[in-house]
>>> print(open('data_33.txt').read())   # compact mmCIF, C-alpha atoms
# COMPACT_ATOMS: atom_id res chain seq x y z
CA GLY A 1 17.25 174.91 11.22
CA ARG A 2 20.21 176.29 13.07
CA ALA A 3 19.24 174.57 16.34
CA ASP A 4 19.16 171.18 14.62
CA THR A 5 22.59 171.80 13.10
CA ILE A 6 24.05 172.74 16.49
CA ARG A 7 22.45 169.67 18.08
CA VAL A 8 23.93 167.40 15.41
CA LEU A 9 27.38 168.95 15.82
CA VAL A 10 27.23 168.58 19.61
CA ASP A 11 26.15 164.95 19.30
CA PHE A 12 28.95 164.32 16.79
CA PHE A 13 31.70 165.76 18.98
CA VAL A 14 30.38 164.07 22.12
CA THR A 15 30.29 160.74 20.29
CA LEU A 16 33.78 161.36 18.90
CA PHE A 17 35.09 162.13 22.38
CA VAL A 18 33.52 159.03 23.94
CA MET A 19 34.77 156.77 21.15
CA SER A 20 38.27 158.26 21.37
CA LEU A 21 38.27 157.65 25.12
CA HIS A 22 37.08 154.07 24.57
CA CYS A 23 39.83 153.52 21.98
CA LEU A 24 42.40 154.89 24.41
CA ILE A 25 41.26 152.49 27.14
CA ILE A 26 41.45 149.45 24.86
CA MET A 27 44.82 150.59 23.50
CA LEU A 28 46.18 150.95 27.04
CA GLU A 29 44.91 147.45 27.78
CA ALA A 30 46.66 146.17 24.65
CA VAL A 31 49.90 147.91 25.65
CA ALA A 32 49.63 146.35 29.11
CA PHE A 33 49.25 142.89 27.53
CA ASN A 34 52.24 143.64 25.30
CA VAL A 35 54.42 144.65 28.26
CA VAL A 36 53.41 141.59 30.28
CA LEU A 37 53.98 139.10 27.48
CA ASN A 38 57.32 140.61 26.42
CA SER A 39 58.63 140.89 29.95
CA ALA A 40 61.58 138.72 30.92
CA SER A 41 59.93 137.98 34.26
CA SER A 42 57.08 135.47 34.38
CA SER A 43 55.62 137.03 37.54
CA LEU A 44 53.73 139.67 35.51
CA LEU A 45 52.06 136.96 33.44
CA ALA A 46 51.13 135.05 36.59
CA LEU A 47 49.68 138.26 38.06
CA LEU A 48 47.64 138.84 34.91
CA VAL A 49 46.19 135.32 35.02
CA SER A 50 45.48 135.52 38.76
CA ASN A 51 43.47 138.71 38.26
CA ASN A 52 40.85 136.62 36.47
CA PHE A 53 40.28 134.65 39.66
CA ALA A 54 39.94 137.90 41.60
CA GLU A 55 37.10 138.76 39.21
CA LEU A 56 35.58 135.35 39.97
CA LYS A 57 35.67 136.07 43.69
CA GLY A 58 34.12 139.51 43.27
CA THR A 59 31.21 138.33 41.13
CA VAL A 60 29.89 135.06 42.51
CA PHE A 61 28.74 136.51 45.84
CA LYS A 62 26.76 139.39 44.33
CA ASN A 63 22.99 139.34 44.37
CA MET A 64 22.02 138.15 40.89
CA ASN A 65 18.73 137.59 39.09
CA VAL A 66 17.85 136.55 35.54
CA THR A 67 18.13 140.06 34.11
CA ARG A 68 21.48 140.76 35.75
CA LEU A 69 22.81 137.41 34.61
CA TRP A 70 21.78 138.30 31.05
CA THR A 71 23.70 141.60 31.32
CA LEU A 72 26.72 139.78 32.75
CA SER A 73 26.66 137.29 29.87
CA MET A 74 26.60 140.07 27.27
CA GLN A 75 29.45 141.87 29.03
CA ASP A 76 31.52 138.67 28.99
CA ILE A 77 30.97 138.26 25.23
CA VAL A 78 32.11 141.82 24.53
CA GLU A 79 35.05 141.44 26.91
CA HIS A 80 36.27 138.32 25.12
CA PHE A 81 36.19 140.18 21.83
CA HIS A 82 38.14 143.11 23.25
CA ILE A 83 40.74 140.78 24.75
CA SER A 84 41.09 139.05 21.37
CA ILE A 85 41.75 142.42 19.74
CA CYS A 86 44.39 143.21 22.36
CA LEU A 87 46.10 139.86 21.82
CA VAL A 88 46.11 140.39 18.04
CA PHE A 89 47.85 143.70 18.74
CA VAL A 90 50.50 141.84 20.77
CA LEU A 91 51.04 139.26 18.01
CA ILE A 92 51.44 141.86 15.27
CA GLU A 93 53.80 143.92 17.43
CA ASN A 94 55.84 140.74 17.90
CA MET A 95 55.93 140.27 14.12
CA LEU A 96 57.11 143.86 13.63
CA LEU A 97 59.74 143.53 16.36
CA THR A 98 61.20 140.29 15.00
CA ASN A 99 60.74 141.34 11.35
CA ALA A 100 58.91 138.07 10.66
CA TYR A 101 55.80 137.14 8.71
CA LEU A 102 54.36 135.11 11.59
CA PRO A 103 54.48 135.57 15.38
CA SER A 104 56.70 133.31 17.43
CA TYR A 105 55.25 130.08 18.77
CA LYS A 106 55.98 131.11 22.37
CA MET A 107 54.10 134.39 21.99
CA PHE A 108 51.16 132.69 20.28
CA SER A 109 50.92 130.00 22.98
CA GLU A 110 50.96 132.60 25.77
CA CYS A 111 48.23 134.65 24.08
CA ALA A 112 46.15 131.51 23.63
CA MET A 113 46.69 130.64 27.31
CA ILE A 114 45.41 134.06 28.40
CA LEU A 115 42.29 133.82 26.24
CA VAL A 116 41.54 130.23 27.29
CA THR A 117 42.05 131.14 30.96
CA GLU A 118 39.62 134.04 30.61
CA ILE A 119 36.99 131.76 29.07
CA VAL A 120 37.47 129.04 31.70
CA VAL A 121 37.20 131.55 34.55
CA ASP A 122 34.01 132.99 33.05
CA ILE A 123 32.52 129.50 32.78
CA MET A 124 33.35 128.88 36.44
CA LYS A 125 31.92 132.27 37.34
CA HIS A 126 28.58 131.50 35.70
CA ALA A 127 28.53 128.03 37.27
CA PHE A 128 29.02 129.47 40.77
CA VAL A 129 26.49 132.24 40.16
CA GLY A 130 23.90 129.69 39.07
CA LYS A 131 24.65 127.51 42.11
CA PHE A 132 24.53 130.26 44.73
CA GLN A 133 21.61 132.20 43.21
CA ASN A 134 19.51 129.10 42.39
CA LEU A 135 19.52 129.80 38.63
CA LYS A 136 19.26 126.68 36.53
CA PRO A 137 21.45 126.21 33.42
CA GLY A 138 18.33 126.15 31.27
CA VAL A 139 18.09 129.93 31.59
CA TYR A 140 20.86 130.22 29.00
CA SER A 141 18.63 128.45 26.50
CA GLU A 142 16.11 131.24 26.89
CA TYR A 143 18.87 133.82 26.54
CA LEU A 144 19.83 132.15 23.29
CA LYS A 145 16.19 132.10 22.20
CA ASP A 146 15.84 135.81 22.88
CA MET A 147 19.01 136.53 20.92
CA CYS A 148 17.81 134.38 18.02
CA GLU A 149 14.43 136.14 17.97
CA LYS A 150 16.09 139.55 17.86
CA THR A 151 18.55 138.37 15.22
CA ALA A 152 15.84 136.90 13.01
CA ALA A 153 13.79 140.11 13.30
CA SER A 154 16.67 142.43 12.39
CA SER A 155 19.20 142.76 9.61
CA SER A 156 22.76 141.49 9.88
CA MET A 157 23.95 145.11 10.02
CA ASN A 158 22.31 145.54 13.43
CA GLY A 159 23.30 142.22 14.97
CA HIS A 160 25.93 143.82 17.20
CA LYS A 161 23.28 145.88 18.98
CA ILE A 162 21.76 142.73 20.47
CA ILE A 163 24.76 142.23 22.76
CA LYS A 164 25.38 145.98 23.22
CA PHE A 165 28.57 145.82 21.19
CA ASN A 166 30.09 148.87 19.49
CA PRO A 167 32.09 147.69 16.44
CA LEU A 168 33.59 151.09 15.56
CA VAL A 169 36.08 151.13 18.43
CA PRO A 170 37.57 147.66 17.74
CA ALA A 171 37.62 148.55 14.03
CA ALA A 172 39.71 151.63 14.83
CA ILE A 173 42.05 149.50 16.94
CA LEU A 174 42.38 146.98 14.10
CA LEU A 175 43.30 149.79 11.69
CA ARG A 176 45.94 150.96 14.15
CA ILE A 177 47.26 147.40 14.30
CA ALA A 178 47.18 146.68 10.58
CA LEU A 179 48.62 149.93 9.18
CA PRO A 180 52.20 149.42 10.50
CA LEU A 181 52.21 145.87 9.17
CA LEU A 182 50.96 147.00 5.78
CA GLY A 183 53.49 149.84 5.79
CA ARG A 184 56.33 147.42 6.39
CA THR A 185 55.16 145.19 3.55
CA TRP A 186 54.78 148.18 1.22
CA SER A 187 58.32 149.35 1.98
CA ARG A 188 59.65 145.94 0.97
CA VAL A 189 57.99 146.06 -2.46
CA ALA A 190 58.60 149.78 -3.07
CA GLY A 191 61.37 149.20 -5.59
CA SER A 192 59.41 147.06 -8.05
CA PHE A 193 56.37 148.09 -10.05
CA VAL A 194 55.30 144.48 -10.50
CA LYS A 195 55.49 143.79 -6.77
CA LYS A 196 53.52 146.97 -6.05
CA THR A 197 50.81 145.89 -8.48
CA LEU A 198 50.66 142.41 -7.00
CA PHE A 199 50.47 143.84 -3.48
CA LEU A 200 47.61 146.19 -4.40
CA ALA A 201 45.82 143.34 -6.19
CA PHE A 202 46.26 141.17 -3.12
CA MET A 203 44.86 143.90 -0.88
CA ALA A 204 41.84 144.35 -3.17
CA ALA A 205 41.24 140.58 -3.19
CA ALA A 206 41.56 140.45 0.60
CA TRP A 207 39.03 143.28 0.96
CA LEU A 208 36.58 141.50 -1.36
CA LEU A 209 37.11 138.27 0.57
CA LEU A 210 36.39 139.98 3.89
CA PHE A 211 33.31 141.64 2.39
CA ALA A 212 32.02 138.28 1.12
CA LEU A 213 32.84 136.69 4.48
CA LYS A 214 30.80 139.34 6.30
CA ILE A 215 27.80 138.70 4.05
CA ALA A 216 28.15 134.93 4.47
CA LEU A 217 28.51 135.31 8.25
CA GLY A 218 25.38 137.45 8.51
CA TRP A 219 23.44 135.01 6.35
CA SER A 220 24.69 132.04 8.42
CA ILE A 221 23.71 133.72 11.70
CA GLN A 222 20.21 134.31 10.33
CA LEU A 223 19.91 130.64 9.33
CA ILE A 224 21.22 129.41 12.68
CA SER A 225 18.78 131.69 14.50
CA GLN A 226 15.82 130.41 12.52
CA TYR A 227 16.92 126.80 13.02
CA TYR A 228 17.27 127.23 16.80
CA LEU A 229 13.86 128.91 17.04
CA ARG A 230 12.27 125.96 15.26
CA TYR A 231 14.13 123.57 17.56
CA TYR A 232 13.10 125.52 20.66
CA ASN A 233 9.42 125.71 19.71
CA THR A 234 9.14 122.06 18.67
CA THR A 235 11.53 120.16 20.96
CA ARG A 236 12.94 122.21 23.81
CA LYS A 237 9.69 123.90 24.77
CA ALA A 238 7.75 120.63 24.70
CA LYS A 239 9.79 119.03 27.49
CA LYS A 240 7.79 118.38 30.64
CA LYS A 241 10.68 119.04 33.02
CA PRO A 242 10.42 122.57 34.45
CA TRP A 243 14.01 123.34 33.56
CA LEU A 244 13.54 127.10 33.34
CA LEU A 245 10.27 128.47 34.67
CA SER A 246 10.76 127.29 38.24
CA SER A 247 14.21 128.83 38.22
CA ARG A 248 12.82 132.14 37.08
CA LYS A 249 10.07 132.16 39.71
CA MET A 250 12.47 131.23 42.50
CA ALA A 251 14.95 133.89 41.36
CA ASP A 252 12.26 136.54 41.29
CA LYS A 253 11.02 135.61 44.76
CA THR A 254 14.46 136.07 46.22
CA GLN A 255 14.65 139.67 45.04
>>> encode(input="data_33.txt", output="structure tokens")
Amino acid sequence: GRADTIRVLVDFFVTLFVMSLHCLIIMLEAVAFNVVLNSASSSLLALLVSNNFAELKGTVFKNMNVTRLWTLSMQDIVEHFHISICLVFVLIENMLLTNAYLPSYKMFSECAMILVTEIVVDIMKHAFVGKFQNLKPGVYSEYLKDMCEKTAASSSMNGHKIIKFNPLVPAAILLRIALPLLGRTWSRVAGSFVKKTLFLAFMAAAWLLLFALKIALGWSIQLISQYYLRYYNTTRKAKKKPWLLSSRKMADKTQ
């Protein structure tokens, strides 16, 4: 009835507002990366890298249990993906600025350094958290088992929900990144009908390739999940060493 229609419209506009706000935050982060990496001064880049270690300091001394560590791990996965999107934005902006088909080697190496630094700092963060909170490394095996169980029980379309990842916002950012690049390419082939046809054919082939890649990726994740579950139930679980359960009990007692 009318109440259901109003409820749907309210939910739609609230969702649209939240997603737009999320897109704005990621875009501002991407612009900040772009300013830092294109700055003539290297102090901004050093400040950006040092902020990762500030995150390390602010996390390792917090009270952490198995559930909170799981949440932290999922947040790190999503954060790495968002940073990758921001760095792709920087690389494409560099291509548009230099009117080149590929980003410069210097820009690519700096983006790779930022991503690698983020991953290394997160590894150190989890190592210190496990040391200070008496959480054994084997707990990540159970995290992986839980993820594989949820993945095997669901379709590939819902795999992002396992890590609390919203793919619509990064997809919108990718469209914002790709459209200027495609517009530049289209303007270069605008004078020739043959080039226009080849460009459209290339775009259609690229779309089909991405579609096939998504299907293959979902199928591969399902196979990997099933393989790990068989390995866990036959090999990992049969080990006599209490590599996980004692850690869980000790972590729960400290809470």
>>> closest_residue(input="data_33.txt", among="A:Thr59, A:Thr185, A:Thr197, A:Gln222", to="A:Met95", atoms="all atoms listed in the file")
A:Thr185
>>> closest_residue(input="data_33.txt", among="A:Asn52, A:Gln226, A:Thr235, A:Ser104", to="A:Val120", atoms="all atoms listed in the file")
A:Asn52
>>> residues_around(input="data_33.txt", residues="A:Val31", least_positions_apart="6", cutoff="9 Å", atoms="all atoms listed in the file", output="list in words")
Cys86, Phe89 and Val90 of chain A
>>> write_last_selection(input="data_33.txt", atoms="C-alpha atoms", output="mmCIF file, in the frame of the given file")
data_model
loop_
_atom_site.group_PDB
_atom_site.id
_atom_site.type_symbol
_atom_site.label_atom_id
_atom_site.label_comp_id
_atom_site.auth_asym_id
_atom_site.auth_seq_id
_atom_site.Cartn_x
_atom_site.Cartn_y
_atom_site.Cartn_z
ATOM 1 C CA CYS A 86 44.390 143.210 22.360
ATOM 2 C CA PHE A 89 47.850 143.700 18.740
ATOM 3 C CA VAL A 90 50.500 141.840 20.770
#
>>> residues_around(input="data_33.txt", residues="A:Lys106", least_positions_apart="4", cutoff="12 Å", atoms="all atoms listed in the file", output="JSON list (two decimals) with C-alpha atoms, in the coordinates of the input")
[["chain", "number", "residue", "atom", "x", "y", "z"],
["A", 37, "LEU", "CA", 53.98, 139.10, 27.48],
["A", 38, "ASN", "CA", 57.32, 140.61, 26.42],
["A", 91, "LEU", "CA", 51.04, 139.26, 18.01],
["A", 94, "ASN", "CA", 55.84, 140.74, 17.90],
["A", 102, "LEU", "CA", 54.36, 135.11, 11.59],
["A", 110, "GLU", "CA", 50.96, 132.60, 25.77],
["A", 111, "CYS", "CA", 48.23, 134.65, 24.08],
["A", 112, "ALA", "CA", 46.15, 131.51, 23.63],
["A", 113, "MET", "CA", 46.69, 130.64, 27.31]]
>>> residues_around(input="data_33.txt", residues="A:Phe33", least_positions_apart="6", cutoff="12 Å", atoms="only C-alpha atoms", output="ChimeraX atom specification")
/A:26-27,39,44-45,47-49,82-91,93-94,107,110-111,114-115
>>> atom_distance(input="data_33.txt", atom1="atom CA of A:Tyr101", atom2="atom CA of A:Val189")
14.5 Å
>>> atom_distance(input="data_33.txt", atom1="atom CA of A:Ala178", atom2="atom CA of A:Ile221")
26.8 Å
>>> residues_around(input="data_33.txt", residues="A:Ile77", least_positions_apart="3", cutoff="10 Å", atoms="all atoms listed in the file", output="PyMOL selection string")
chain A and resi 72-74+80-82+119+122+163-165
>>> closest_residue(input="data_33.txt", among="A:Phe53, A:Tyr105, A:Phe61, A:Phe193", to="A:Gly130", atoms="all atoms listed in the file")
A:Phe61
>>> decode(input="data_33.txt", residues="stretch 82-117 of chain A", atoms="N, CA, C and O atoms", output="PDB file, in the first residue's frame")
ATOM      1  N   HIS A  82      40.148  -0.119  -0.583  1.00  0.00           N
ATOM      2  CA  HIS A  82      39.872   1.302  -0.781  1.00  0.00           C
ATOM      3  C   HIS A  82      41.147   2.073  -1.131  1.00  0.00           C
ATOM      4  O   HIS A  82      41.129   2.956  -2.003  1.00  0.00           O
ATOM      5  N   ILE A  83      42.251   1.737  -0.478  1.00  0.00           N
ATOM      6  CA  ILE A  83      43.513   2.401  -0.799  1.00  0.00           C
ATOM      7  C   ILE A  83      43.945   2.074  -2.224  1.00  0.00           C
ATOM      8  O   ILE A  83      44.453   2.946  -2.946  1.00  0.00           O
ATOM      9  N   SER A  84      43.726   0.839  -2.653  1.00  0.00           N
ATOM     10  CA  SER A  84      44.057   0.458  -4.030  1.00  0.00           C
ATOM     11  C   SER A  84      43.248   1.273  -5.027  1.00  0.00           C
ATOM     12  O   SER A  84      43.776   1.727  -6.054  1.00  0.00           O
ATOM     13  N   ILE A  85      41.956   1.491  -4.735  1.00  0.00           N
ATOM     14  CA  ILE A  85      41.128   2.312  -5.609  1.00  0.00           C
ATOM     15  C   ILE A  85      41.662   3.740  -5.670  1.00  0.00           C
ATOM     16  O   ILE A  85      41.743   4.354  -6.750  1.00  0.00           O
ATOM     17  N   CYS A  86      42.037   4.280  -4.533  1.00  0.00           N
ATOM     18  CA  CYS A  86      42.584   5.639  -4.491  1.00  0.00           C
ATOM     19  C   CYS A  86      43.879   5.740  -5.292  1.00  0.00           C
ATOM     20  O   CYS A  86      44.110   6.734  -6.007  1.00  0.00           O
ATOM     21  N   LEU A  87      44.726   4.739  -5.199  1.00  0.00           N
ATOM     22  CA  LEU A  87      45.989   4.769  -5.935  1.00  0.00           C
ATOM     23  C   LEU A  87      45.766   4.602  -7.431  1.00  0.00           C
ATOM     24  O   LEU A  87      46.496   5.184  -8.245  1.00  0.00           O
ATOM     25  N   VAL A  88      44.760   3.829  -7.826  1.00  0.00           N
ATOM     26  CA  VAL A  88      44.402   3.742  -9.248  1.00  0.00           C
ATOM     27  C   VAL A  88      43.939   5.107  -9.751  1.00  0.00           C
ATOM     28  O   VAL A  88      44.259   5.521 -10.874  1.00  0.00           O
ATOM     29  N   PHE A  89      43.183   5.817  -8.929  1.00  0.00           N
ATOM     30  CA  PHE A  89      42.769   7.177  -9.267  1.00  0.00           C
ATOM     31  C   PHE A  89      43.994   8.063  -9.522  1.00  0.00           C
ATOM     32  O   PHE A  89      44.038   8.831 -10.491  1.00  0.00           O
ATOM     33  N   VAL A  90      44.999   7.963  -8.664  1.00  0.00           N
ATOM     34  CA  VAL A  90      46.212   8.768  -8.815  1.00  0.00           C
ATOM     35  C   VAL A  90      46.931   8.416 -10.109  1.00  0.00           C
ATOM     36  O   VAL A  90      47.380   9.308 -10.851  1.00  0.00           O
ATOM     37  N   LEU A  91      47.030   7.130 -10.424  1.00  0.00           N
ATOM     38  CA  LEU A  91      47.734   6.701 -11.640  1.00  0.00           C
ATOM     39  C   LEU A  91      47.024   7.178 -12.898  1.00  0.00           C
ATOM     40  O   LEU A  91      47.670   7.647 -13.849  1.00  0.00           O
ATOM     41  N   ILE A  92      45.706   7.082 -12.916  1.00  0.00           N
ATOM     42  CA  ILE A  92      44.968   7.523 -14.106  1.00  0.00           C
ATOM     43  C   ILE A  92      45.022   9.032 -14.243  1.00  0.00           C
ATOM     44  O   ILE A  92      45.127   9.572 -15.358  1.00  0.00           O
ATOM     45  N   GLU A  93      44.963   9.762 -13.129  1.00  0.00           N
ATOM     46  CA  GLU A  93      45.114  11.212 -13.200  1.00  0.00           C
ATOM     47  C   GLU A  93      46.498  11.583 -13.728  1.00  0.00           C
ATOM     48  O   GLU A  93      46.643  12.568 -14.475  1.00  0.00           O
ATOM     49  N   ASN A  94      47.504  10.811 -13.374  1.00  0.00           N
ATOM     50  CA  ASN A  94      48.848  11.047 -13.903  1.00  0.00           C
ATOM     51  C   ASN A  94      48.887  10.796 -15.415  1.00  0.00           C
ATOM     52  O   ASN A  94      49.537  11.553 -16.155  1.00  0.00           O
ATOM     53  N   MET A  95      48.180   9.764 -15.873  1.00  0.00           N
ATOM     54  CA  MET A  95      48.110   9.496 -17.307  1.00  0.00           C
ATOM     55  C   MET A  95      47.408  10.630 -18.043  1.00  0.00           C
ATOM     56  O   MET A  95      47.829  11.045 -19.134  1.00  0.00           O
ATOM     57  N   LEU A  96      46.327  11.157 -17.466  1.00  0.00           N
ATOM     58  CA  LEU A  96      45.614  12.264 -18.107  1.00  0.00           C
ATOM     59  C   LEU A  96      46.453  13.537 -18.108  1.00  0.00           C
ATOM     60  O   LEU A  96      46.418  14.316 -19.075  1.00  0.00           O
ATOM     61  N   LEU A  97      47.205  13.758 -17.041  1.00  0.00           N
ATOM     62  CA  LEU A  97      48.014  14.970 -16.937  1.00  0.00           C
ATOM     63  C   LEU A  97      49.175  14.959 -17.923  1.00  0.00           C
ATOM     64  O   LEU A  97      49.486  15.991 -18.537  1.00  0.00           O
ATOM     65  N   THR A  98      49.810  13.801 -18.080  1.00  0.00           N
ATOM     66  CA  THR A  98      50.958  13.695 -18.984  1.00  0.00           C
ATOM     67  C   THR A  98      50.560  13.296 -20.398  1.00  0.00           C
ATOM     68  O   THR A  98      51.439  13.170 -21.265  1.00  0.00           O
ATOM     69  N   ASN A  99      49.254  13.050 -20.609  1.00  0.00           N
ATOM     70  CA  ASN A  99      48.750  12.667 -21.936  1.00  0.00           C
ATOM     71  C   ASN A  99      49.449  11.401 -22.440  1.00  0.00           C
ATOM     72  O   ASN A  99      49.842  11.303 -23.608  1.00  0.00           O
ATOM     73  N   ALA A 100      49.611  10.437 -21.533  1.00  0.00           N
ATOM     74  CA  ALA A 100      50.307   9.191 -21.863  1.00  0.00           C
ATOM     75  C   ALA A 100      49.343   8.024 -21.708  1.00  0.00           C
ATOM     76  O   ALA A 100      48.268   8.137 -21.117  1.00  0.00           O
ATOM     77  N   TYR A 101      49.744   6.884 -22.274  1.00  0.00           N
ATOM     78  CA  TYR A 101      48.935   5.676 -22.177  1.00  0.00           C
ATOM     79  C   TYR A 101      49.240   4.869 -20.929  1.00  0.00           C
ATOM     80  O   TYR A 101      48.466   3.981 -20.555  1.00  0.00           O
ATOM     81  N   LEU A 102      50.376   5.158 -20.297  1.00  0.00           N
ATOM     82  CA  LEU A 102      50.770   4.466 -19.072  1.00  0.00           C
ATOM     83  C   LEU A 102      51.271   5.496 -18.068  1.00  0.00           C
ATOM     84  O   LEU A 102      51.818   6.536 -18.450  1.00  0.00           O
ATOM     85  N   PRO A 103      51.097   5.237 -16.773  1.00  0.00           N
ATOM     86  CA  PRO A 103      51.622   6.169 -15.762  1.00  0.00           C
ATOM     87  C   PRO A 103      53.139   6.119 -15.722  1.00  0.00           C
ATOM     88  O   PRO A 103      53.767   5.155 -16.151  1.00  0.00           O
ATOM     89  N   SER A 104      53.735   7.165 -15.195  1.00  0.00           N
ATOM     90  CA  SER A 104      55.185   7.219 -15.101  1.00  0.00           C
ATOM     91  C   SER A 104      55.688   6.193 -14.091  1.00  0.00           C
ATOM     92  O   SER A 104      54.974   5.810 -13.155  1.00  0.00           O
ATOM     93  N   TYR A 105      56.932   5.776 -14.296  1.00  0.00           N
ATOM     94  CA  TYR A 105      57.517   4.770 -13.403  1.00  0.00           C
ATOM     95  C   TYR A 105      57.649   5.307 -11.984  1.00  0.00           C
ATOM     96  O   TYR A 105      57.426   4.581 -11.013  1.00  0.00           O
ATOM     97  N   LYS A 106      58.000   6.592 -11.845  1.00  0.00           N
ATOM     98  CA  LYS A 106      58.139   7.182 -10.517  1.00  0.00           C
ATOM     99  C   LYS A 106      56.815   7.165  -9.764  1.00  0.00           C
ATOM    100  O   LYS A 106      56.755   6.792  -8.585  1.00  0.00           O
ATOM    101  N   MET A 107      55.732   7.538 -10.449  1.00  0.00           N
ATOM    102  CA  MET A 107      54.427   7.553  -9.805  1.00  0.00           C
ATOM    103  C   MET A 107      53.988   6.137  -9.429  1.00  0.00           C
ATOM    104  O   MET A 107      53.450   5.907  -8.335  1.00  0.00           O
ATOM    105  N   PHE A 108      54.233   5.193 -10.316  1.00  0.00           N
ATOM    106  CA  PHE A 108      53.851   3.807 -10.033  1.00  0.00           C
ATOM    107  C   PHE A 108      54.634   3.257  -8.845  1.00  0.00           C
ATOM    108  O   PHE A 108      54.063   2.569  -7.987  1.00  0.00           O
ATOM    109  N   SER A 109      55.924   3.545  -8.775  1.00  0.00           N
ATOM    110  CA  SER A 109      56.748   3.037  -7.671  1.00  0.00           C
ATOM    111  C   SER A 109      56.324   3.654  -6.340  1.00  0.00           C
ATOM    112  O   SER A 109      56.305   2.974  -5.312  1.00  0.00           O
ATOM    113  N   GLU A 110      55.948   4.933  -6.336  1.00  0.00           N
ATOM    114  CA  GLU A 110      55.507   5.564  -5.094  1.00  0.00           C
ATOM    115  C   GLU A 110      54.163   5.007  -4.630  1.00  0.00           C
ATOM    116  O   GLU A 110      53.948   4.793  -3.436  1.00  0.00           O
ATOM    117  N   CYS A 111      53.263   4.753  -5.566  1.00  0.00           N
ATOM    118  CA  CYS A 111      51.978   4.137  -5.202  1.00  0.00           C
ATOM    119  C   CYS A 111      52.190   2.731  -4.654  1.00  0.00           C
ATOM    120  O   CYS A 111      51.555   2.335  -3.661  1.00  0.00           O
ATOM    121  N   ALA A 112      53.086   1.980  -5.285  1.00  0.00           N
ATOM    122  CA  ALA A 112      53.383   0.633  -4.792  1.00  0.00           C
ATOM    123  C   ALA A 112      54.005   0.692  -3.400  1.00  0.00           C
ATOM    124  O   ALA A 112      53.701  -0.141  -2.539  1.00  0.00           O
ATOM    125  N   MET A 113      54.858   1.695  -3.159  1.00  0.00           N
ATOM    126  CA  MET A 113      55.484   1.831  -1.842  1.00  0.00           C
ATOM    127  C   MET A 113      54.428   2.111  -0.768  1.00  0.00           C
ATOM    128  O   MET A 113      54.482   1.550   0.339  1.00  0.00           O
ATOM    129  N   ILE A 114      53.455   2.952  -1.080  1.00  0.00           N
ATOM    130  CA  ILE A 114      52.404   3.261  -0.103  1.00  0.00           C
ATOM    131  C   ILE A 114      51.599   2.020   0.222  1.00  0.00           C
ATOM    132  O   ILE A 114      51.313   1.721   1.395  1.00  0.00           O
ATOM    133  N   LEU A 115      51.212   1.257  -0.798  1.00  0.00           N
ATOM    134  CA  LEU A 115      50.407   0.054  -0.569  1.00  0.00           C
ATOM    135  C   LEU A 115      51.193  -1.001   0.199  1.00  0.00           C
ATOM    136  O   LEU A 115      50.663  -1.618   1.137  1.00  0.00           O
ATOM    137  N   VAL A 116      52.458  -1.199  -0.168  1.00  0.00           N
ATOM    138  CA  VAL A 116      53.283  -2.193   0.528  1.00  0.00           C
ATOM    139  C   VAL A 116      53.512  -1.772   1.977  1.00  0.00           C
ATOM    140  O   VAL A 116      53.460  -2.604   2.895  1.00  0.00           O
ATOM    141  N   THR A 117      53.737  -0.480   2.199  1.00  0.00           N
ATOM    142  CA  THR A 117      53.922   0.013   3.570  1.00  0.00           C
ATOM    143  C   THR A 117      52.672  -0.232   4.408  1.00  0.00           C
ATOM    144  O   THR A 117      52.761  -0.645   5.579  1.00  0.00           O
TER     145      THR A 117
END
